[in-house]
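S.K.: Submitted below is the structure of interest, expressed as structure tokens.
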Amino acid sequence: MSDEPRGASSDPEADPTHPEAYVLNMGPQHPSMHGVLRLKLHMIGEEIVVAEPVIGYAHRAHEKMAENRNYLMFLPNSSRIDYLSGMIYNIGYCQAVEKLLEIEVPERAQYIRVIACELNRIASHLLWIGTYVLDIGGVTPFLYCWDDREQILDLLDAITGSRLTYSYGRFGGVTMDVDDAFLTGTRTFLERMKSRLPEYDTLVRKNVIFIERSRGVGIMDRQTCRAYGVTGPCLRAAGVAYDVRKSEPYGIYDRFDFAVPTESAGDCLARYDVRIREIEESLKIVTQAVRDLPAGPIMPDKPKKKFKPAEGASYFAVEAARGAFGMYLVSDGSEVPFKLKLRTPSFSNLSSMPKVLAGTMVADTIAIVGSLDIVLPEIDR
Amino acid sequence: MSPPETLVDKLDSPWLGVVLGVAAVLGMLTVNVLFLVWLERKVSAWIQRRMGPTEVGPFGLFQTLADMLKLLSKQLITPRHVDKPLYHLAPLVVFVPVVAAASLFPFSAGLVLQDLDIGLVLVFAFGGLAFVGIFMAGWGSNNKYALLGAMRSVAQNISYEIPLILASLSVVLMSGTMNLAKITALQSERGYWFIVLQPVAAVIYFIAALAETNRAPFDIPEAESELVAGFHTEYSGMRFALFFFAEYSNVFIVSMVATVLFLGGWSGPLLPGPVWFFLKVYALVGLTMWVRWTFPRLRFDQLMSFCWVVLTPLAILNLLITAFVARLV
Amino acid sequence: METPTRTGRLGRFFTGFGSLFHGLAVTSRHFGRTIFLRKNVTQQYPHEKPTLPKAYRSAIRLIRFPETDSHDCVGCKACERICPSACIAVDGGKVEGIKKKRASHFEMDFALCSLCGLCLDVCPTTTLEYSRLYDEAGYNRNWKHDLLAEFRAREPAFIAEQRQREQAEAEAKAQKAPKKEKPPKEGDAP
């Protein structure tokens with residue numbers, strides 16, 4: 001229970017060729033590994049000397065698929081890159097193509113997009129809280145989070161017809177308008193979360209076991225984050241107030257009043273705190289968007305049928321639940337993208353793992369990897 | 001106080017007594033474990049706003065029975081690289097001491113299978129024996145996760161046995177006997193339970209018992225998120241069921257010990273002895289379930305330091321004070 | 001817990017110990033809500049059927065329009081071309097006796113469909129909609145569904161009716177033809 005950080009080790013025994021070192025293969029078939037990640041752990045006793053993430057088990061060649069179909073046909077792929085915050089990816093892809101094609105999006109559609117994306121972000125963070133507590137052994141909070149998340153999925157289901165892989169956005173707007181039932185449901189959900197968040201606070205955040213398991217565990221400082229390109233809540237937990245919604249506002253995010261929560265410790269506890277506060281900020285954004293939702297169309301008056309951007313390239317980034325998600329689209333003037341490069345946040349976040357995991361105990365491995373909130377299909381793409 | 005006649009004494013042939021006794025204990029344990037597993041699933045479901053088993057039998061009561069039948073009928077898979085003698089023997093070595101320990105308890109005045117003067121010592125001794133089996137399972141499985149789980153299990157259980165026994169000793173000091181029936185009778189005679197005089201020992205016992213039975217928040221040996229399933233990773237079918245059975249029986253046994261030591265065993269007004277006994281045992285079991293479904297898990301080093309830095313000194317202190325007071329009184 | 005220097009080790013110990021009881025209180029509250037108020041949040045699926053939202057996306061089907069009591073698919077293959085999963089196979093064209101083109105073949109592989117809804121977007125006659133199937137499962141790799149099956153029997157009758165409709169239309173047009181200069185608002189009465 002020592003208070004000193006369990007960060008990078010300067011142990012002289014930290015040598016994979018040490019006679020007592022052995023290799024523990026964790027995943028891709030491990031009951032609580034997140035997705036199909038494989039960790040090759042060189043260990044001495046229960047301490048990790050070298051950790052080696054092995055990825056690629058969920059590779060579906062999304063980038064290559066984009067080169068073989070037109071812009072619209074790639075739409076269903078977008079939310080399958082990261083199925084836990086699929087809405088943000090889906091809308092993000094639409095916005096990237098809209099930027100390339102210079103399509104105007106109606107006001108109402110913009111607001112609906114913000115509501116849907118922020119609800120999706122809350123759902124994703126709730127899932128993370130649940131799985132993180134599950135990683136360190138608490139089962140019940142996981143189901144409470146799941147219950148709350150279910151409310152969001154029901155709401156999104158009502159407007160998109162899907163629960164995870166929404167193909168909700170279209171170039172220029174969204175597929176379906178929101179009705180009063182959805183708005184009432186959203187308001188009810190906002191009310192509900194007001195009583196649920198303090199409950200998580202008592203059950204999870206104030207629990208002494210939770211604190212002992214999280215504080216000082218898996219420290220990622222600013223330098224590490226910079227070096228590896230870590231973004232999202234992990235970066236903000238290290239004290240860098242970088243959020244694409246604030247630093248390079250896209251869509252209509254500049255109209256909303258919200259803060260970018262940061263912590264300084266950079267450990268698992270800080271990442272938990274950042275995410276809880278981000279849920280609060282997202283709730284604020286949804287409240288404002290529901291209040292200000294204008295009337296009007298949800299698609300342009302004359303939607304384009306053919307999407308044929310001029311030759312050129314554009315980069316567009318959105319703040320996904322896990323960090324900055326960037327799309328670099330290159331067009332050769334045809335209906336099919338020449339190249340679509342996806343910059344997914346979990347990939348960069350995971351790449352910091354060898355440094356962070358070295359010198360930690362095997363018991364913390366899953367907790368640290370889990371605290372990044374990685375989604376393997378998003379890493380492999 | 002004349003020693004109560006035990007059930008075994010009443011029979012003519014001692015061998016028949018042994019067979020019947022083992023059958024009775026096994027039957028009692030099986031019914032209780034089946035009920036316990038059902039209860040665990042129901043309690044966890046209710047805590048998590050779910051329903052739990054509902055389909056098999058009234059309130060899903062026969063769900064665990066169905067599960068047991070399924071496990072019984074499953075093929076026994078022996079992985080290729082296991083150390084066969086150890087691997088095959090381990091479930092039995094874990095299972096048998098549990099049954100032996102369960103035969104020592106007085107469920108009511110006179111309703112006791114083996115009334116021994118060293119009953120308490122024997123219960124802990126049998127408890128200690130099971131860890132040989134756990135380590136055999138971990139070593140024999142030839143699996144890194146199983147070995148890590150077994151090592152943790154043995155380290156944890158040996159450590160937590162110390163506060164567990166120290167806490168029990170403070171009751172022994174007060175009652176002057178290690179006979180479980182006599183300890184109960186004494187509480188019944190004096191009209192109060194030992195938890196009144198020994199609240200600290202009771203709390204220490206409860207916490208140590210949680211660790212001893214590998215229950216959350218101390219379920220580190222089989223911590224799913226780290227070690228797959230711990231020492232029984234490579235076991236399937238009925239072999240796994242034996243480990244499972246032993247685990248839940250252990251929960252039951254430590255609750256029985258706690259009932260005898262701190263809650264006055266079978267003593268209580270109005271209702272007959274066994275009813276009181278089982279009511280108290282199930283109250284304790286319910287408490288362990290409530291704890292399990294609320295808390296996250298400690299890390300191994302935290303668990304050990306909690307034992308050696310907090311629990312053991314506290315238990316020693318409590319024992320010294322008890323000894324001092326007992327000497328004075 | 002936040003100010004360890006103030007409270008010291010023992011204080012931290014007791015705060016930590018207390019926090020465990022707060023946690024137990026939360027779970028016991030939920031326990032009570034389930035067991036006494038019967039407010040469990042799970043749906044007992046085979047006993048209770050889910051209520052599907054209006055927008056629910058499932059495998060597509062052809063709309064049966066009440067005016068014609070048939071679908072309106074012209075077999076243009078727009079959906080087949082846009083489908084990212086290539087799970088639609090449409091064929092169709094000219095039918096003897098009527099001007100309107102008709103689909104002769106509309107096969108869909110439910111197992112491949114990713115429910116993106118692009119086919120609904122591109123359909124020129126808006127004759128596609130989502131079905132309300134939610135508990136379907138395919139038992140082999142060829143899980144093809146003939147969406148025209150339910151319309152087949154009525155197809156000859158539809159063609160006959162369509163011929164009449166087209167004739168009536170043509171007559172109406174012929175009547176209108178001399179008065180071509182009139183504003184186009186008039187006429188069109190059904």
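Note on naming: chains are A, B, ... as they come in the structure tokens, residues start from 1 per chain, ligands start from 1 in the order shown.
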So that I can check the surroundings of range 74-88 of chain A, please list as number ranges by chain every protein, DNA and RNA residue that reaches within 7 Å of it, counting only C-alpha atoms and ignoring chain neighbours fewer than 4 positions away.

M.R.: A: 66, 69-70, 92-93, 116-117, 120-121, 124, 164-167, 320-321, 375, 377-378, 381; C: 116

S.K.: Taking only C-alpha atoms into account, find every residue of chain B that has an atom no more than 7 Å from chain C, and write it out as a PyMOL selection string.

M.R.: chain B and resi 46-51+294

S.K.: Mind listing the strand (DSSP E) residues of range 6-181 of chain C, per DSSP on the backbone, as a count of residues only?

M.R.: 23

S.K.: Name the residues in contact with Leu120 in chain B at a cut-off of 9 Å, using only C-alpha atoms, excluding same-chain residues fewer than 3 positions from it; report them as a VMD selection string.

M.R.: chain B and resid 104 116 to 117 123 to 125 168 178 to 180 257

S.K.: Generate the output file for the selected residues, C-alpha atoms, as an mmCIF file, in the first residue's frame.

M.R.:
```
data_model
loop_
_atom_site.group_PDB
_atom_site.id
_atom_site.type_symbol
_atom_site.label_atom_id
_atom_site.label_comp_id
_atom_site.auth_asym_id
_atom_site.auth_seq_id
_atom_site.Cartn_x
_atom_site.Cartn_y
_atom_site.Cartn_z
ATOM 1 C CA LEU B 104 -17.866 -31.301 13.754
ATOM 2 C CA LEU B 116 -14.565 -33.451 20.234
ATOM 3 C CA ASP B 117 -12.780 -31.358 22.803
ATOM 4 C CA VAL B 123 -11.919 -27.217 11.967
ATOM 5 C CA PHE B 124 -8.966 -24.925 11.295
ATOM 6 C CA ALA B 125 -6.692 -27.883 10.669
ATOM 7 C CA SER B 168 -11.016 -17.290 17.659
ATOM 8 C CA MET B 178 -12.280 -25.626 22.347
ATOM 9 C CA ASN B 179 -15.300 -27.856 22.241
ATOM 10 C CA LEU B 180 -17.754 -26.245 19.845
ATOM 11 C CA VAL B 257 -17.736 -21.296 13.158
#
```

S.K.: Extract, using only C-alpha atoms, all DNA, RNA and protein residues at most 12 Å from Asp121 in chain C, discarding same-chain residues fewer than 6 positions from it, and format them as a PyMOL selection string.

M.R.: (chain A and resi 72-73+167-171+174-176+303-305) or (chain C and resi 78-79+82-83+127-130)

S.K.: Write a file of the selected residues as a PDB file, in the first residue's frame, keeping N, CA and C atoms.

M.R.:
```pdb
ATOM      1  N   LEU A  72     -20.607   7.388 -50.091  1.00  0.00           N
ATOM      2  CA  LEU A  72     -21.805   7.027 -49.347  1.00  0.00           C
ATOM      3  C   LEU A  72     -21.733   5.597 -48.843  1.00  0.00           C
ATOM      4  N   MET A  73     -21.153   4.746 -49.666  1.00  0.00           N
ATOM      5  CA  MET A  73     -21.148   3.333 -49.285  1.00  0.00           C
ATOM      6  C   MET A  73     -20.239   3.046 -48.101  1.00  0.00           C
ATOM      7  N   SER A 167     -26.173   4.160 -38.558  1.00  0.00           N
ATOM      8  CA  SER A 167     -25.854   4.882 -39.793  1.00  0.00           C
ATOM      9  C   SER A 167     -26.797   6.062 -39.836  1.00  0.00           C
ATOM     10  N   TYR A 168     -26.634   6.935 -38.873  1.00  0.00           N
ATOM     11  CA  TYR A 168     -27.638   7.975 -38.671  1.00  0.00           C
ATOM     12  C   TYR A 168     -27.372   9.185 -39.547  1.00  0.00           C
ATOM     13  N   GLY A 169     -26.108   9.553 -39.671  1.00  0.00           N
ATOM     14  CA  GLY A 169     -25.793  10.749 -40.440  1.00  0.00           C
ATOM     15  C   GLY A 169     -25.882  10.494 -41.937  1.00  0.00           C
ATOM     16  N   ARG A 170     -26.203  11.527 -42.681  1.00  0.00           N
ATOM     17  CA  ARG A 170     -26.112  11.494 -44.139  1.00  0.00           C
ATOM     18  C   ARG A 170     -25.377  12.770 -44.536  1.00  0.00           C
ATOM     19  N   PHE A 171     -24.792  12.768 -45.726  1.00  0.00           N
ATOM     20  CA  PHE A 171     -24.059  13.973 -46.135  1.00  0.00           C
ATOM     21  C   PHE A 171     -25.068  15.102 -46.280  1.00  0.00           C
ATOM     22  N   VAL A 174     -29.245  14.401 -41.279  1.00  0.00           N
ATOM     23  CA  VAL A 174     -29.427  13.127 -40.591  1.00  0.00           C
ATOM     24  C   VAL A 174     -30.619  12.407 -41.222  1.00  0.00           C
ATOM     25  N   THR A 175     -30.752  11.114 -40.929  1.00  0.00           N
ATOM     26  CA  THR A 175     -31.811  10.349 -41.600  1.00  0.00           C
ATOM     27  C   THR A 175     -33.188  10.634 -41.045  1.00  0.00           C
ATOM     28  N   MET A 176     -33.268  10.876 -39.743  1.00  0.00           N
ATOM     29  CA  MET A 176     -34.604  10.967 -39.163  1.00  0.00           C
ATOM     30  C   MET A 176     -34.668  12.129 -38.192  1.00  0.00           C
ATOM     31  N   PRO A 303     -30.975  17.707 -51.736  1.00  0.00           N
ATOM     32  CA  PRO A 303     -29.818  16.872 -51.400  1.00  0.00           C
ATOM     33  C   PRO A 303     -29.145  16.354 -52.669  1.00  0.00           C
ATOM     34  N   LYS A 304     -27.823  16.333 -52.625  1.00  0.00           N
ATOM     35  CA  LYS A 304     -27.075  15.830 -53.782  1.00  0.00           C
ATOM     36  C   LYS A 304     -27.304  14.337 -53.911  1.00  0.00           C
ATOM     37  N   LYS A 305     -27.300  13.867 -55.109  1.00  0.00           N
ATOM     38  CA  LYS A 305     -27.436  12.422 -55.312  1.00  0.00           C
ATOM     39  C   LYS A 305     -26.084  11.800 -55.593  1.00  0.00           C
TER      40      LYS A 305
ATOM     41  N   ALA C  78     -31.036   0.445 -58.279  1.00  0.00           N
ATOM     42  CA  ALA C  78     -30.325   1.494 -57.539  1.00  0.00           C
ATOM     43  C   ALA C  78     -29.879   0.971 -56.183  1.00  0.00           C
ATOM     44  N   CYS C  79     -30.771   0.212 -55.524  1.00  0.00           N
ATOM     45  CA  CYS C  79     -30.426  -0.332 -54.205  1.00  0.00           C
ATOM     46  C   CYS C  79     -29.302  -1.350 -54.324  1.00  0.00           C
ATOM     47  N   ILE C  82     -26.035   0.584 -54.596  1.00  0.00           N
ATOM     48  CA  ILE C  82     -25.547   1.335 -53.435  1.00  0.00           C
ATOM     49  C   ILE C  82     -25.212   0.421 -52.267  1.00  0.00           C
ATOM     50  N   CYS C  83     -25.785  -0.772 -52.261  1.00  0.00           N
ATOM     51  CA  CYS C  83     -25.645  -1.634 -51.067  1.00  0.00           C
ATOM     52  C   CYS C  83     -24.175  -1.923 -50.767  1.00  0.00           C
ATOM     53  N   THR C 127     -40.365   2.313 -52.348  1.00  0.00           N
ATOM     54  CA  THR C 127     -41.164   1.119 -52.092  1.00  0.00           C
ATOM     55  C   THR C 127     -40.503   0.200 -51.078  1.00  0.00           C
ATOM     56  N   LEU C 128     -39.378   0.668 -50.507  1.00  0.00           N
ATOM     57  CA  LEU C 128     -38.701  -0.152 -49.502  1.00  0.00           C
ATOM     58  C   LEU C 128     -38.968   0.384 -48.111  1.00  0.00           C
ATOM     59  N   GLU C 129     -39.083  -0.536 -47.172  1.00  0.00           N
ATOM     60  CA  GLU C 129     -39.210  -0.150 -45.759  1.00  0.00           C
ATOM     61  C   GLU C 129     -38.533  -1.205 -44.915  1.00  0.00           C
ATOM     62  N   TYR C 130     -38.314  -0.854 -43.611  1.00  0.00           N
ATOM     63  CA  TYR C 130     -37.746  -1.847 -42.704  1.00  0.00           C
ATOM     64  C   TYR C 130     -38.851  -2.758 -42.210  1.00  0.00           C
TER      65      TYR C 130
END
```

S.K.: Based on only C-alpha atoms, which of the residues in chain C come within 6 Å of chain A? I want them as a count of residues only.

M.R.: 10

S.K.: For range 130-136 of chain A, list every protein, DNA or RNA residue within 6 Å, evaluated using only C-alpha atoms, and leave out those in the same chain fewer than 2 positions away; present the list as a PyMOL selection string.

M.R.: (chain A and resi 127-128+138-139+141-142+145+367+370) or (chain B and resi 225+296-297)

S.K.: With C-alpha atoms kept, could you save the residues just selected as a compact mmCIF listing (two decimals), in the first residue's frame?

M.R.:
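Generated output (result01.txt):
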```txt
# COMPACT_ATOMS: atom_id res chain seq x y z
CA LEU A 127 -19.61 1.81 -20.22
CA TRP A 128 -16.02 2.64 -19.41
CA GLY A 138 -16.55 -4.68 -8.64
CA VAL A 139 -19.42 -6.26 -10.51
CA PRO A 141 -21.48 -0.79 -10.44
CA PHE A 142 -20.99 -2.29 -13.87
CA CYS A 145 -23.82 1.82 -15.47
CA ALA A 367 -6.85 -2.12 -14.77
CA GLY A 370 -8.76 -0.82 -19.18
CA SER B 225 -9.70 -9.98 -14.51
CA PRO B 296 -14.07 -4.08 -5.86
CA ARG B 297 -11.13 -6.37 -5.26
```

S.K.: Mind checking which residues fall within 12 Å of Arg152 in chain B, counting only C-alpha atoms, ignoring those fewer than 2 positions away in the same chain, and posting them as a PyMOL selection string?

M.R.: (chain A and resi 45-46+363) or (chain B and resi 131+134-135+138+145-150+154-160+211-212+214+218-223+226-227+230-231+299-301+303-304)

S.K.: Generate a file of the selected residues that holds N, CA and C atoms, formatted as an mmCIF file, in the first residue's frame.

M.R.:
```
data_model
loop_
_atom_site.group_PDB
_atom_site.id
_atom_site.type_symbol
_atom_site.label_atom_id
_atom_site.label_comp_id
_atom_site.auth_asym_id
_atom_site.auth_seq_id
_atom_site.Cartn_x
_atom_site.Cartn_y
_atom_site.Cartn_z
ATOM 1 N N GLY A 45 8.336 -13.008 -11.249
ATOM 2 C CA GLY A 45 7.316 -13.109 -10.208
ATOM 3 C C GLY A 45 6.027 -12.507 -10.724
ATOM 4 N N GLU A 46 5.483 -11.566 -9.978
ATOM 5 C CA GLU A 46 4.249 -10.929 -10.431
ATOM 6 C C GLU A 46 4.518 -9.558 -11.023
ATOM 7 N N ALA A 363 -1.445 -7.755 -11.499
ATOM 8 C CA ALA A 363 -2.816 -7.486 -11.066
ATOM 9 C C ALA A 363 -3.328 -6.158 -11.599
ATOM 10 N N PHE B 131 -5.590 -26.262 1.394
ATOM 11 C CA PHE B 131 -4.684 -25.459 0.563
ATOM 12 C C PHE B 131 -3.604 -26.302 -0.066
ATOM 13 N N ILE B 134 -5.246 -27.107 -3.177
ATOM 14 C CA ILE B 134 -5.259 -25.976 -4.111
ATOM 15 C C ILE B 134 -3.903 -25.834 -4.785
ATOM 16 N N PHE B 135 -2.841 -25.997 -4.001
ATOM 17 C CA PHE B 135 -1.522 -25.856 -4.615
ATOM 18 C C PHE B 135 -1.235 -27.014 -5.560
ATOM 19 N N GLY B 138 -2.898 -26.114 -8.730
ATOM 20 C CA GLY B 138 -2.187 -25.068 -9.454
ATOM 21 C C GLY B 138 -0.917 -25.585 -10.093
ATOM 22 N N TYR B 145 -1.253 -19.312 -15.265
ATOM 23 C CA TYR B 145 -2.315 -18.635 -14.521
ATOM 24 C C TYR B 145 -2.698 -19.450 -13.298
ATOM 25 N N ALA B 146 -2.814 -20.768 -13.493
ATOM 26 C CA ALA B 146 -3.202 -21.622 -12.379
ATOM 27 C C ALA B 146 -2.145 -21.577 -11.289
ATOM 28 N N LEU B 147 -0.878 -21.583 -11.702
ATOM 29 C CA LEU B 147 0.192 -21.569 -10.709
ATOM 30 C C LEU B 147 0.189 -20.249 -9.943
ATOM 31 N N LEU B 148 0.052 -19.149 -10.678
ATOM 32 C CA LEU B 148 0.000 -17.848 -10.004
ATOM 33 C C LEU B 148 -1.163 -17.814 -9.029
ATOM 34 N N GLY B 149 -2.310 -18.321 -9.470
ATOM 35 C CA GLY B 149 -3.491 -18.319 -8.620
ATOM 36 C C GLY B 149 -3.263 -19.169 -7.389
ATOM 37 N N ALA B 150 -2.661 -20.310 -7.577
ATOM 38 C CA ALA B 150 -2.434 -21.199 -6.441
ATOM 39 C C ALA B 150 -1.449 -20.580 -5.467
ATOM 40 N N VAL B 154 -2.343 -19.800 -1.605
ATOM 41 C CA VAL B 154 -1.664 -20.356 -0.445
ATOM 42 C C VAL B 154 -1.107 -19.239 0.428
ATOM 43 N N ALA B 155 -0.461 -18.262 -0.213
ATOM 44 C CA ALA B 155 0.100 -17.153 0.561
ATOM 45 C C ALA B 155 -0.995 -16.433 1.321
ATOM 46 N N GLN B 156 -2.083 -16.173 0.652
ATOM 47 C CA GLN B 156 -3.181 -15.435 1.264
ATOM 48 C C GLN B 156 -3.787 -16.221 2.423
ATOM 49 N N ASN B 157 -4.003 -17.504 2.192
ATOM 50 C CA ASN B 157 -4.698 -18.266 3.212
ATOM 51 C C ASN B 157 -3.831 -18.522 4.425
ATOM 52 N N ILE B 158 -2.535 -18.741 4.205
ATOM 53 C CA ILE B 158 -1.668 -18.934 5.354
ATOM 54 C C ILE B 158 -1.594 -17.643 6.157
ATOM 55 N N SER B 159 -1.527 -16.517 5.457
ATOM 56 C CA SER B 159 -1.452 -15.245 6.169
ATOM 57 C C SER B 159 -2.719 -14.984 6.962
ATOM 58 N N TYR B 160 -3.861 -15.203 6.325
ATOM 59 C CA TYR B 160 -5.105 -14.818 6.983
ATOM 60 C C TYR B 160 -5.542 -15.820 8.033
ATOM 61 N N ALA B 211 -11.356 -13.587 3.539
ATOM 62 C CA ALA B 211 -10.116 -13.863 2.812
ATOM 63 C C ALA B 211 -9.845 -15.352 2.766
ATOM 64 N N GLU B 212 -10.136 -16.028 3.863
ATOM 65 C CA GLU B 212 -9.876 -17.456 3.976
ATOM 66 C C GLU B 212 -10.707 -18.232 2.954
ATOM 67 N N ASN B 214 -11.715 -17.023 0.113
ATOM 68 C CA ASN B 214 -11.509 -16.407 -1.206
ATOM 69 C C ASN B 214 -12.752 -15.691 -1.700
ATOM 70 N N PHE B 218 -11.690 -10.226 -1.346
ATOM 71 C CA PHE B 218 -10.386 -10.885 -1.265
ATOM 72 C C PHE B 218 -10.311 -12.068 -2.219
ATOM 73 N N ASP B 219 -11.073 -12.056 -3.294
ATOM 74 C CA ASP B 219 -11.100 -13.214 -4.185
ATOM 75 C C ASP B 219 -9.950 -13.189 -5.180
ATOM 76 N N ILE B 220 -8.783 -12.838 -4.662
ATOM 77 C CA ILE B 220 -7.628 -12.644 -5.536
ATOM 78 C C ILE B 220 -7.141 -13.922 -6.212
ATOM 79 N N PRO B 221 -7.154 -15.071 -5.516
ATOM 80 C CA PRO B 221 -6.650 -16.271 -6.196
ATOM 81 C C PRO B 221 -7.399 -16.602 -7.482
ATOM 82 N N GLU B 222 -8.658 -16.242 -7.552
ATOM 83 C CA GLU B 222 -9.362 -16.543 -8.789
ATOM 84 C C GLU B 222 -9.829 -15.275 -9.474
ATOM 85 N N ALA B 223 -9.086 -14.188 -9.221
ATOM 86 C CA ALA B 223 -9.438 -12.905 -9.805
ATOM 87 C C ALA B 223 -9.590 -13.044 -11.310
ATOM 88 N N GLU B 226 -7.587 -10.950 -13.772
ATOM 89 C CA GLU B 226 -6.143 -11.099 -13.890
ATOM 90 C C GLU B 226 -5.771 -12.517 -14.281
ATOM 91 N N LEU B 227 -6.336 -13.465 -13.558
ATOM 92 C CA LEU B 227 -5.814 -14.820 -13.651
ATOM 93 C C LEU B 227 -6.815 -15.800 -14.263
ATOM 94 N N GLY B 230 -7.832 -18.609 -11.938
ATOM 95 C CA GLY B 230 -6.954 -19.020 -10.861
ATOM 96 C C GLY B 230 -6.621 -20.496 -10.927
ATOM 97 N N PHE B 231 -6.547 -21.104 -9.746
ATOM 98 C CA PHE B 231 -6.022 -22.479 -9.692
ATOM 99 C C PHE B 231 -6.881 -23.484 -10.429
ATOM 100 N N ARG B 299 -5.717 -5.395 -4.376
ATOM 101 C CA ARG B 299 -4.583 -5.959 -5.097
ATOM 102 C C ARG B 299 -3.817 -6.861 -4.140
ATOM 103 N N PHE B 300 -3.035 -7.772 -4.666
ATOM 104 C CA PHE B 300 -2.422 -8.789 -3.835
ATOM 105 C C PHE B 300 -1.529 -8.188 -2.748
ATOM 106 N N ASP B 301 -0.680 -7.233 -3.126
ATOM 107 C CA ASP B 301 0.226 -6.671 -2.118
ATOM 108 C C ASP B 301 -0.557 -5.902 -1.058
ATOM 109 N N LEU B 303 -3.552 -6.639 -0.114
ATOM 110 C CA LEU B 303 -4.186 -7.667 0.701
ATOM 111 C C LEU B 303 -3.224 -8.159 1.768
ATOM 112 N N MET B 304 -1.988 -8.447 1.358
ATOM 113 C CA MET B 304 -1.019 -8.979 2.303
ATOM 114 C C MET B 304 -0.675 -7.940 3.353
#
```

S.K.: I need the helix (DSSP H, G or I) residues of range 2-190 of chain C per DSSP on the backbone, written as a count of residues only.

M.R.: 71

S.K.: Name all residues at most 9 Å from Arg245 in chain A (count only C-alpha atoms; drop same-chain ones fewer than 3 positions away) and give them as number ranges by chain.

M.R.: A: 242, 248-251, 253-254, 318-319

S.K.: Could you tell me which of B:Leu71, B:Ala167, B:Ala323, B:Ala45 comes closest to chain A if we count only C-alpha atoms?

M.R.: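 Closest candidate: B:Ala45.
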
S.K.: Go through B:Met289, B:Leu26, B:Leu122, B:Trp193 one by one, measure the shortest atom-to-atom distance of each to chain A using only C-alpha atoms, and give the residue with the smallest value.

M.R.: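 Selected residue with least distance to chain A: B:Met289.
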